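Undergrad: My structure is below; once you've seen it, I'll send some questions.
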Protein chains: 4
Amino acid sequence: MTGPIRVVVWGENRHEKLDERVRSHYPDGMHTTIGAGIAENLADRCEVTTVTLDDPEHGLTEDVLARTDVLVWWGHAAHAEVADEVVERVHRHVLSGLGLVVLHSGHWSKLFVRLMGTTCTLRWRSEHDRELIWTVDPTHPIARGVPHPIVIDEDEMYGEFFDIPVPDELVFISTFSGGEAFRSGCTFRRGHGKIFYFRPGDQDYPTYHHRDVRRVIANAVEWAVTDRPGRSLPTLQRYDTDDFFTGHDYTGPIEDEA
Amino acid sequence: MTGPIRVVVWGENRHEKLDERVRSHYPDGMHTTIGAGIAENLADRCEVTTVTLDDPEHGLTEDVLARTDVLVWWGHAAHAEVADEVVERVHRHVLSGLGLVVLHSGHWSKLFVRLMGTTCTLRWRSEHDRELIWTVDPTHPIARGVPHPIVIDEDEMYGEFFDIPVPDELVFISTFSGGEAFRSGCTFRRGHGKIFYFRPGDQDYPTYHHRDVRRVIANAVEWAVTDRPGRSLPTLQRYDTDDFFTGHDYTGPIEDEA
Amino acid sequence: MTGPIRVVVWGENRHEKLDERVRSHYPDGMHTTIGAGIAENLADRCEVTTVTLDDPEHGLTEDVLARTDVLVWWGHAAHAEVADEVVERVHRHVLSGLGLVVLHSGHWSKLFVRLMGTTCTLRWRSEHDRELIWTVDPTHPIARGVPHPIVIDEDEMYGEFFDIPVPDELVFISTFSGGEAFRSGCTFRRGHGKIFYFRPGDQDYPTYHHRDVRRVIANAVEWAVTDRPGRSLPTLQRYDTDDFFTGHDYTGPIEDEA
Amino acid sequence: MTGPIRVVVWGENRHEKLDERVRSHYPDGMHTTIGAGIAENLADRCEVTTVTLDDPEHGLTEDVLARTDVLVWWGHAAHAEVADEVVERVHRHVLSGLGLVVLHSGHWSKLFVRLMGTTCTLRWRSEHDRELIWTVDPTHPIARGVPHPIVIDEDEMYGEFFDIPVPDELVFISTFSGGEAFRSGCTFRRGHGKIFYFRPGDQDYPTYHHRDVRRVIANAVEWAVTDRPGRSLPTLQRYDTDDFFTGHDYTGPIEDEA
């Protein structure tokens with residue numbers, strides 16, 4: 001990366017309109033607060049914009065995605081309203097090199113479920129549990145600069161079993177005052193894209209104002225940048241013997257044998 | 001498991017009809033030979049049946065899947081002809097506990113691609129390369145009883161980059177006489193199901209008559225059995241404080257807060 | 001495995017002699033109770049014997065190790081008294097194919113530290129915390145047949161950061177009523193040996209009488225058996241071109257070049 | 001990191017004195033060439049110095065290590081001459097946060113063997129095999145900017161089974177013209193330190209003049225920096241209930257219970 005990281009924060013922006021409690025924490029929308037936390041930490045190393053579900057094409061046009069390095073995703077109540085076509089497009093961009101940071105209830109977004117291949121279900125309870133976030137990978141760049149543990153006075157509880165593939169790296173484990181455990185900071189590499197899932201952040205709590213939560217999200221944004229030239233989807237190609245560098249397009253399983 | 005493992009081998013069964021060379025190796029279809037290799041190794045520890053693409057519902061009805069422990073999948077030319085509804089059904093069964101062994105060109109099946117979340121593409125060449133299969137996880141049950149390396153005199157070449165998630169366990173690495181490398185034996189746990197991908201086996205070569213290839217597939221069938229009672233899909237549930245064992249069904253993100 | 005698994009439980013057997021409270025839980029020594037739990041679960045699939053620190057060569061002679069499939073290790077107060085020569089011998093056997101189940105405070109044994117290469121330190125507190133053990137790998141054979149979570153009414157607390165290599169498989173995560181988290185069920189493959197670390201079991205609590213703890217240890221014993229013929233240490237060997245199966249002994253870095 | 005990365009290249013420097021062929025490739029010693037490759041790639045982002053086996057304390061005094069961010073290690077013929085006390089010291093520094101890049105025959109150094117806990121043995125042959133290095137983790141920072149595959153016209157062959165713990169990340173797989181495969185680029189996190197093992201580089205070949213090999217080593221140096229303040233060894237500490245941040249030193253297993 002030579003220039004600043006181009007970050008887009010995608011917000012569902014529905015609870016904020018429906019629920020005064022949510023609006024009291026996030027008067028300009030959760031996405032705005034999430035974006036501010038990234039900018040606060042990365043300063044001129046990033047350029048942050050926000051888009052929401054109600055924007056045309058949910059704000060995620062081909063053009064926007066092509067000039068985005070890392071997409072941050074918060075959704076909850078309206079996963080089903082996200083158009084399949086947009087999910088398909090973002091999925092392709094992630095496999096081609098777009099970084100992705102999925103927050104909290106984004107675990108059940110069409111996008112994350114599609115990238116994981118599993119149900120991405122879990123156990124939950126919204127009863128003001130205290131959350132402690134323990135670092136189990138102390139040299140991981142995403143864990144840089146946060147206390148051990150991070151203490152969140154109250155948030156929704158998420159508990160195991162969290163039906164995801166085994167993470168490539170397990171960075172954080174959360175516990176809740178009720179006694180549950182959760183793999184709350186997980187990395188996944190998919191195609192040419194890097195993905196980080198981070199648990200905290202229910203709409204009913206002011207979690208995205210928390211200093212350490214903001215730091216982790218900013219760290220994740222930096223980590224998720226794929227340092228490859230261009231944006232390319234892995235493809236199936238035929239290679240002749242002794243030519244390791246010139247792939248030939250696939251023309252079908254039957255024809256190729258002719 | 002108290003009784004024998006109930007194995008279903010799914011075969012596309014198209015090359016065998018179209019191509020005399022394939023028929024010469026597999027006069028009763030590739031699925032039949034694959035099934036015979038499993039039965040040869042596991043004897044009365046398994047019951048093997050075969051179904052094919054042209055069977056009603058591709059032979060993979062709800063009823064068949066419900067009484068199958070492990071499904072073995074070979075497809076190549078006709079991935080697109082597999083009905084989405086059947087893929088959806090098998091995917092659900094895998095996440096609920098059906099074991100799955102995906103062979104060779106099955107890497108590009110709708111089912112495997114959906115389970116992985118990536119493109120599952122690779123480089124390839126069908127030019128009679130010799131394949132050597134090296135065990136890099138010598139205590140893995142799938143590697144039991146095979147030489148190091150397994151030598152396959154000729155087969156299609158598959159090379160990296162193979163666009164899959166990092167395997168939970170990398171059991172085998174293949175090299176080809178042309179110089180390519182491939183992660184050729186990979187395990188993945190998804191939901192309540194266990195998945196093994198095994199590379200060898202192009203239709204143009206008699207690979208499924210190879211003693212060691214048959215042994216690996218049989219080992220994988222034994223490994224892939226999920227030893228959980230019943231077949232259950234992970235689900236999202238709410239748990240009250242201090243009650244760890246009684247989940248409540250999800251009733252939606254807005255309603256729950258009411 | 002054709003015959004029963006030959007299990008040796010190694011017990012330090014010092015607290016039992018010094019502390020009446022420990023003796024009240026384990027009148028015949030902790031090793032005896034641990035062994036009984038294995039026998040209770042595996043019945044005629046195992047043959048269990050016990051040895052202790054005060055036996056000649058700590059009961060771990062070359063001869064004993066050669067006819068042992070899985071060694072279970074509990075030590076705490078007297079790690080330093082275990083002879084380096086015995087540690088060296090057991091280490092060699094593990095890398096050659098001896099299964100190893102390390103319990104609780106065995107995390108700081110010379111043997112485990114040597115196998116891990118790290119400090120194996122952690123945070124702890126013996127204040128009657130309730131422990132919940134959550135399964136995060138529901139298809140792992142070691143998690144078979146136990147509730148989710150396992151509830152231990154009181155035990156010593158162990159918390160992160162646990163300075164171990166990233167486990168090959170993370171099977172269980174514990175939480176404690178004080179709020180700490182711990183990776184409490186971890187597999188590691190080393191050489192030709194399989195290792196499982198399991199957290200519960202301080203001498204001050206009757207943990208090894210707990211039905212589910214006993215089940216996990218028995219599951220781990222079955223899992224840890226290396227199904228390879230003989231017992232062999234990986235060695236450095238030279239292989240001529242085109243001969244993949246006949247290794248030549250190493251004769252030194254300078255001489256070989258002559 | 002605010003200042004440049006302080007890199008120390010440790011060279012055994014024996015073959016260079018004994019063997020004219022080695023001297024012809026590396027007239028100033030292999031360590032000098034390795035160091036030059038790092039400086040060439042990182043420019044003012046690093047400060048490189050070199051030390052050798054024959055320096056007092058092998059050049060690895062407490063003072064030198066305390067002001068080193070990343071140590072690069074090449075040894076082969078004289079592993080046994082490295083003093084145990086120095087190995088102990090470097091091991092402690094790695095677990096406390098010193099980055100470590102182990103090259104080629106360093107796989108059998110006392111230091112690497114101690115960090116891994118296994119035999120670190122492999123198969124080998126020095127017969128001018130061509131090596132191809134395939135990237136299997138295309139978004140890993142250590143793979144940045146190198147072709148797929150890297151082609152090394154001739155080098156020593158290393159083949160599986162390589163007796164190491166399963167790497168945290170497998171970045172590269174090598175194949176050799178003789179047909180062998182090798183996990184040739186592996187990361188390991190141990191304590192507060194990050195370790196990368198990279199295979200190429202026998203003394204009999206000019207491998208460390210190879211542009212891509214130099215790039216990988218430089219990438220690894222950047223990756224191996226632990227971005228934690230100070231240098232601290234993980235320690236065992238007791239924590240009181242509700243105090244997550246103030247650990248108490250360990251005073252022994254028997255005393256603590258008093």
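Residues in the structure tokens are named by chain (A, B, ... in the order shown) and by number from 1 within that chain; ligands are numbered from 1 in the order shown.
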Which residues in range 13-145 of chain A does DSSP call alpha helix (DSSP H)? List them as a PDB file with N, CA and C atoms, in the first residue's frame.

TA:
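Saved result, result.pdb, follows:
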```
ATOM      1  N   HIS A  15     -32.223  -0.325  12.803  1.00  0.00           N
ATOM      2  CA  HIS A  15     -32.526  -0.145  14.227  1.00  0.00           C
ATOM      3  C   HIS A  15     -32.477   1.329  14.607  1.00  0.00           C
ATOM      4  N   GLU A  16     -31.504   2.034  14.045  1.00  0.00           N
ATOM      5  CA  GLU A  16     -31.329   3.445  14.388  1.00  0.00           C
ATOM      6  C   GLU A  16     -32.592   4.249  14.069  1.00  0.00           C
ATOM      7  N   LYS A  17     -33.322   3.808  13.049  1.00  0.00           N
ATOM      8  CA  LYS A  17     -34.522   4.538  12.665  1.00  0.00           C
ATOM      9  C   LYS A  17     -35.735   4.118  13.486  1.00  0.00           C
ATOM     10  N   LEU A  18     -35.702   2.891  13.980  1.00  0.00           N
ATOM     11  CA  LEU A  18     -36.882   2.326  14.627  1.00  0.00           C
ATOM     12  C   LEU A  18     -36.863   2.460  16.147  1.00  0.00           C
ATOM     13  N   GLU A  20     -35.481   4.232  19.649  1.00  0.00           N
ATOM     14  CA  GLU A  20     -34.870   5.437  20.203  1.00  0.00           C
ATOM     15  C   GLU A  20     -33.628   5.126  21.026  1.00  0.00           C
ATOM     16  N   ARG A  21     -33.655   3.990  21.688  1.00  0.00           N
ATOM     17  CA  ARG A  21     -32.489   3.617  22.487  1.00  0.00           C
ATOM     18  C   ARG A  21     -31.251   3.505  21.603  1.00  0.00           C
ATOM     19  N   VAL A  22     -31.429   2.879  20.452  1.00  0.00           N
ATOM     20  CA  VAL A  22     -30.305   2.740  19.532  1.00  0.00           C
ATOM     21  C   VAL A  22     -29.870   4.120  19.051  1.00  0.00           C
ATOM     22  N   ARG A  23     -30.855   4.945  18.724  1.00  0.00           N
ATOM     23  CA  ARG A  23     -30.542   6.286  18.216  1.00  0.00           C
ATOM     24  C   ARG A  23     -29.802   7.117  19.267  1.00  0.00           C
ATOM     25  N   SER A  24     -30.120   6.849  20.537  1.00  0.00           N
ATOM     26  CA  SER A  24     -29.448   7.633  21.581  1.00  0.00           C
ATOM     27  C   SER A  24     -27.947   7.324  21.617  1.00  0.00           C
ATOM     28  N   HIS A  25     -27.597   6.071  21.330  1.00  0.00           N
ATOM     29  CA  HIS A  25     -26.172   5.725  21.284  1.00  0.00           C
ATOM     30  C   HIS A  25     -25.541   6.161  19.961  1.00  0.00           C
ATOM     31  N   MET A  30     -25.033   3.666  13.331  1.00  0.00           N
ATOM     32  CA  MET A  30     -23.914   2.870  13.839  1.00  0.00           C
ATOM     33  C   MET A  30     -22.716   2.939  12.896  1.00  0.00           C
ATOM     34  N   HIS A  31     -23.010   2.921  11.590  1.00  0.00           N
ATOM     35  CA  HIS A  31     -21.928   2.941  10.601  1.00  0.00           C
ATOM     36  C   HIS A  31     -21.049   4.180  10.765  1.00  0.00           C
ATOM     37  N   THR A  32     -21.668   5.287  11.122  1.00  0.00           N
ATOM     38  CA  THR A  32     -20.898   6.526  11.283  1.00  0.00           C
ATOM     39  C   THR A  32     -19.942   6.411  12.461  1.00  0.00           C
ATOM     40  N   THR A  33     -20.446   5.859  13.553  1.00  0.00           N
ATOM     41  CA  THR A  33     -19.600   5.695  14.734  1.00  0.00           C
ATOM     42  C   THR A  33     -18.481   4.685  14.466  1.00  0.00           C
ATOM     43  N   ILE A  34     -18.827   3.598  13.793  1.00  0.00           N
ATOM     44  CA  ILE A  34     -17.802   2.600  13.459  1.00  0.00           C
ATOM     45  C   ILE A  34     -16.715   3.253  12.595  1.00  0.00           C
ATOM     46  N   GLY A  35     -17.151   4.002  11.599  1.00  0.00           N
ATOM     47  CA  GLY A  35     -16.186   4.667  10.724  1.00  0.00           C
ATOM     48  C   GLY A  35     -15.323   5.671  11.480  1.00  0.00           C
ATOM     49  N   ALA A  36     -15.932   6.383  12.417  1.00  0.00           N
ATOM     50  CA  ALA A  36     -15.168   7.370  13.190  1.00  0.00           C
ATOM     51  C   ALA A  36     -14.090   6.691  14.033  1.00  0.00           C
ATOM     52  N   GLY A  37     -14.416   5.505  14.546  1.00  0.00           N
ATOM     53  CA  GLY A  37     -13.424   4.777  15.347  1.00  0.00           C
ATOM     54  C   GLY A  37     -12.222   4.354  14.520  1.00  0.00           C
ATOM     55  N   ILE A  38     -12.466   4.001  13.266  1.00  0.00           N
ATOM     56  CA  ILE A  38     -11.359   3.625  12.386  1.00  0.00           C
ATOM     57  C   ILE A  38     -10.503   4.847  12.079  1.00  0.00           C
ATOM     58  N   ALA A  39     -11.159   5.926  11.726  1.00  0.00           N
ATOM     59  CA  ALA A  39     -10.422   7.151  11.383  1.00  0.00           C
ATOM     60  C   ALA A  39      -9.637   7.672  12.582  1.00  0.00           C
ATOM     61  N   GLU A  40     -10.226   7.544  13.751  1.00  0.00           N
ATOM     62  CA  GLU A  40      -9.545   7.984  14.972  1.00  0.00           C
ATOM     63  C   GLU A  40      -8.228   7.243  15.184  1.00  0.00           C
ATOM     64  N   ASN A  41      -8.216   5.975  14.850  1.00  0.00           N
ATOM     65  CA  ASN A  41      -7.012   5.162  15.076  1.00  0.00           C
ATOM     66  C   ASN A  41      -6.010   5.222  13.927  1.00  0.00           C
ATOM     67  N   LEU A  42      -6.506   5.227  12.704  1.00  0.00           N
ATOM     68  CA  LEU A  42      -5.583   5.145  11.565  1.00  0.00           C
ATOM     69  C   LEU A  42      -5.232   6.515  11.004  1.00  0.00           C
ATOM     70  N   GLU A  62     -20.342  -1.956  -8.459  1.00  0.00           N
ATOM     71  CA  GLU A  62     -19.066  -2.452  -8.962  1.00  0.00           C
ATOM     72  C   GLU A  62     -17.992  -1.374  -8.842  1.00  0.00           C
ATOM     73  N   ASP A  63     -18.386  -0.183  -9.155  1.00  0.00           N
ATOM     74  CA  ASP A  63     -17.434   0.925  -9.136  1.00  0.00           C
ATOM     75  C   ASP A  63     -16.935   1.212  -7.720  1.00  0.00           C
ATOM     76  N   VAL A  64     -17.841   1.240  -6.767  1.00  0.00           N
ATOM     77  CA  VAL A  64     -17.437   1.480  -5.371  1.00  0.00           C
ATOM     78  C   VAL A  64     -16.511   0.369  -4.891  1.00  0.00           C
ATOM     79  N   LEU A  65     -16.892  -0.858  -5.163  1.00  0.00           N
ATOM     80  CA  LEU A  65     -16.078  -1.984  -4.684  1.00  0.00           C
ATOM     81  C   LEU A  65     -14.694  -1.977  -5.308  1.00  0.00           C
ATOM     82  N   ALA A  66     -14.626  -1.590  -6.576  1.00  0.00           N
ATOM     83  CA  ALA A  66     -13.338  -1.621  -7.278  1.00  0.00           C
ATOM     84  C   ALA A  66     -12.334  -0.653  -6.661  1.00  0.00           C
ATOM     85  N   ASP A  84     -29.517 -10.543  -3.584  1.00  0.00           N
ATOM     86  CA  ASP A  84     -28.598 -11.629  -3.911  1.00  0.00           C
ATOM     87  C   ASP A  84     -27.535 -11.180  -4.904  1.00  0.00           C
ATOM     88  N   GLU A  85     -27.930 -10.325  -5.794  1.00  0.00           N
ATOM     89  CA  GLU A  85     -26.988  -9.857  -6.803  1.00  0.00           C
ATOM     90  C   GLU A  85     -25.831  -9.074  -6.177  1.00  0.00           C
ATOM     91  N   VAL A  86     -26.170  -8.300  -5.147  1.00  0.00           N
ATOM     92  CA  VAL A  86     -25.115  -7.534  -4.466  1.00  0.00           C
ATOM     93  C   VAL A  86     -24.222  -8.479  -3.658  1.00  0.00           C
ATOM     94  N   VAL A  87     -24.849  -9.459  -3.014  1.00  0.00           N
ATOM     95  CA  VAL A  87     -24.062 -10.442  -2.260  1.00  0.00           C
ATOM     96  C   VAL A  87     -23.082 -11.147  -3.197  1.00  0.00           C
ATOM     97  N   GLU A  88     -23.579 -11.552  -4.343  1.00  0.00           N
ATOM     98  CA  GLU A  88     -22.748 -12.218  -5.351  1.00  0.00           C
ATOM     99  C   GLU A  88     -21.556 -11.338  -5.749  1.00  0.00           C
ATOM    100  N   ARG A  89     -21.840 -10.067  -5.917  1.00  0.00           N
ATOM    101  CA  ARG A  89     -20.795  -9.127  -6.350  1.00  0.00           C
ATOM    102  C   ARG A  89     -19.729  -8.939  -5.268  1.00  0.00           C
ATOM    103  N   VAL A  90     -20.192  -8.744  -4.037  1.00  0.00           N
ATOM    104  CA  VAL A  90     -19.226  -8.530  -2.950  1.00  0.00           C
ATOM    105  C   VAL A  90     -18.426  -9.811  -2.706  1.00  0.00           C
ATOM    106  N   HIS A  91     -19.105 -10.944  -2.774  1.00  0.00           N
ATOM    107  CA  HIS A  91     -18.425 -12.226  -2.606  1.00  0.00           C
ATOM    108  C   HIS A  91     -17.284 -12.355  -3.618  1.00  0.00           C
ATOM    109  N   ARG A  92     -17.575 -12.018  -4.861  1.00  0.00           N
ATOM    110  CA  ARG A  92     -16.556 -12.084  -5.911  1.00  0.00           C
ATOM    111  C   ARG A  92     -15.404 -11.129  -5.615  1.00  0.00           C
ATOM    112  N   HIS A  93     -15.732  -9.947  -5.126  1.00  0.00           N
ATOM    113  CA  HIS A  93     -14.661  -8.997  -4.808  1.00  0.00           C
ATOM    114  C   HIS A  93     -13.799  -9.489  -3.648  1.00  0.00           C
ATOM    115  N   VAL A  94     -14.425 -10.094  -2.643  1.00  0.00           N
ATOM    116  CA  VAL A  94     -13.622 -10.615  -1.527  1.00  0.00           C
ATOM    117  C   VAL A  94     -12.666 -11.686  -2.047  1.00  0.00           C
ATOM    118  N   LEU A  95     -13.156 -12.632  -2.827  1.00  0.00           N
ATOM    119  CA  LEU A  95     -12.276 -13.686  -3.344  1.00  0.00           C
ATOM    120  C   LEU A  95     -11.204 -13.115  -4.275  1.00  0.00           C
ATOM    121  N   SER A  96     -11.462 -11.921  -4.788  1.00  0.00           N
ATOM    122  CA  SER A  96     -10.501 -11.278  -5.694  1.00  0.00           C
ATOM    123  C   SER A  96      -9.533 -10.352  -4.964  1.00  0.00           C
ATOM    124  N   LYS A 110     -26.019 -12.778   4.620  1.00  0.00           N
ATOM    125  CA  LYS A 110     -25.881 -13.666   3.459  1.00  0.00           C
ATOM    126  C   LYS A 110     -24.429 -13.766   3.008  1.00  0.00           C
ATOM    127  N   LEU A 111     -23.735 -12.639   3.078  1.00  0.00           N
ATOM    128  CA  LEU A 111     -22.351 -12.596   2.601  1.00  0.00           C
ATOM    129  C   LEU A 111     -21.445 -13.503   3.426  1.00  0.00           C
ATOM    130  N   PHE A 112     -21.520 -13.378   4.736  1.00  0.00           N
ATOM    131  CA  PHE A 112     -20.630 -14.154   5.599  1.00  0.00           C
ATOM    132  C   PHE A 112     -20.975 -15.644   5.512  1.00  0.00           C
ATOM    133  N   VAL A 113     -22.275 -15.946   5.528  1.00  0.00           N
ATOM    134  CA  VAL A 113     -22.713 -17.343   5.439  1.00  0.00           C
ATOM    135  C   VAL A 113     -22.201 -17.973   4.141  1.00  0.00           C
ATOM    136  N   ARG A 114     -22.246 -17.192   3.075  1.00  0.00           N
ATOM    137  CA  ARG A 114     -21.782 -17.723   1.793  1.00  0.00           C
ATOM    138  C   ARG A 114     -20.271 -17.955   1.783  1.00  0.00           C
ATOM    139  N   LEU A 115     -19.543 -17.055   2.408  1.00  0.00           N
ATOM    140  CA  LEU A 115     -18.088 -17.200   2.464  1.00  0.00           C
ATOM    141  C   LEU A 115     -17.674 -18.363   3.354  1.00  0.00           C
ATOM    142  N   MET A 116     -18.440 -18.628   4.384  1.00  0.00           N
ATOM    143  CA  MET A 116     -18.081 -19.682   5.322  1.00  0.00           C
ATOM    144  C   MET A 116     -18.560 -21.059   4.868  1.00  0.00           C
TER     145      MET A 116
END
```

Undergrad: Enumerate as a count of residues only all residues of range 24-242 of chain B assigned to strand (DSSP E or B) by DSSP on the backbone, naming them with the chain letters and numbers the document uses.

TA: 66

Undergrad: CA of Tyr239 in chain B and CA of Ser126 in chain A are how many Å apart?

TA: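 Taking CA of Tyr239 in chain B and CA of Ser126 in chain A, their separation equals 9.4 Å.
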
Undergrad: Show me, as a VMD selection string, the residues that have an atom within 12 Å of range 164-166 of chain B when counting only C-alpha atoms, minus same-chain residues fewer than 6 positions from it.

TA: (chain A and resid 95 115 to 117 165 to 169 187 to 195 234 to 235) or (chain B and resid 107 to 108 112 to 122 182 to 190 197) or (chain D and resid 136 to 139 167 to 171)

Undergrad: CA of Pro147 in chain B and CA of His104 in chain B, how far apart in Å?

TA: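 We find that CA of His104 in chain B and CA of Pro147 in chain B lie 20.1 Å from each other.
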
Undergrad: Given only C-alpha atoms, how would the per-residue table for chain C near chain A read, listing every residue at most 8 Å away with its closest atom pair and distance in Å to one decimal, sorted by chain and number, as a tab-separated table?

TA:
```
residue	atom	partner	partner_atom	distance
C:Leu132	CA	A:Gly179	CA	7.1
C:Trp134	CA	A:Glu160	CA	6.9
C:Thr135	CA	A:Phe161	CA	6.9
C:Val136	CA	A:Phe161	CA	5.8
C:Glu160	CA	A:Val136	CA	6.6
C:Phe161	CA	A:Val136	CA	5.8
C:Phe162	CA	A:Val136	CA	7.4
C:Ile173	CA	A:Ala181	CA	7.1
C:Ser174	CA	A:Ala181	CA	7.3
C:Thr175	CA	A:Gly179	CA	6.2
C:Phe176	CA	A:Gly179	CA	6.9
C:Ser177	CA	A:Gly179	CA	6.5
C:Gly179	CA	A:Thr175	CA	6.2
C:Glu180	CA	A:Thr175	CA	6.9
C:Ala181	CA	A:Thr175	CA	6.4
```

Undergrad: Print the selection's residues with C-alpha atoms to a file, as a PDB file, in the first residue's frame.

TA:
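Saved the output as selection_18.pdb:
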```
ATOM      1  CA  LEU C 132     -17.821 -24.742  32.236  1.00  0.00           C
ATOM      2  CA  TRP C 134     -17.606 -25.763  25.970  1.00  0.00           C
ATOM      3  CA  THR C 135     -17.104 -27.991  22.934  1.00  0.00           C
ATOM      4  CA  VAL C 136     -15.971 -25.985  19.912  1.00  0.00           C
ATOM      5  CA  GLU C 160      -5.141 -17.222  29.243  1.00  0.00           C
ATOM      6  CA  PHE C 161      -2.592 -16.422  28.053  1.00  0.00           C
ATOM      7  CA  PHE C 162      -1.623 -20.089  27.998  1.00  0.00           C
ATOM      8  CA  ILE C 173     -12.733 -23.904  25.798  1.00  0.00           C
ATOM      9  CA  SER C 174     -13.310 -23.418  29.535  1.00  0.00           C
ATOM     10  CA  THR C 175     -14.774 -20.455  31.325  1.00  0.00           C
ATOM     11  CA  PHE C 176     -14.639 -19.874  35.064  1.00  0.00           C
ATOM     12  CA  SER C 177     -17.078 -18.098  37.330  1.00  0.00           C
ATOM     13  CA  GLY C 179     -14.620 -14.623  34.109  1.00  0.00           C
ATOM     14  CA  GLU C 180     -11.430 -16.171  32.748  1.00  0.00           C
ATOM     15  CA  ALA C 181     -11.181 -18.240  29.551  1.00  0.00           C
TER      16      ALA C 181
END
```
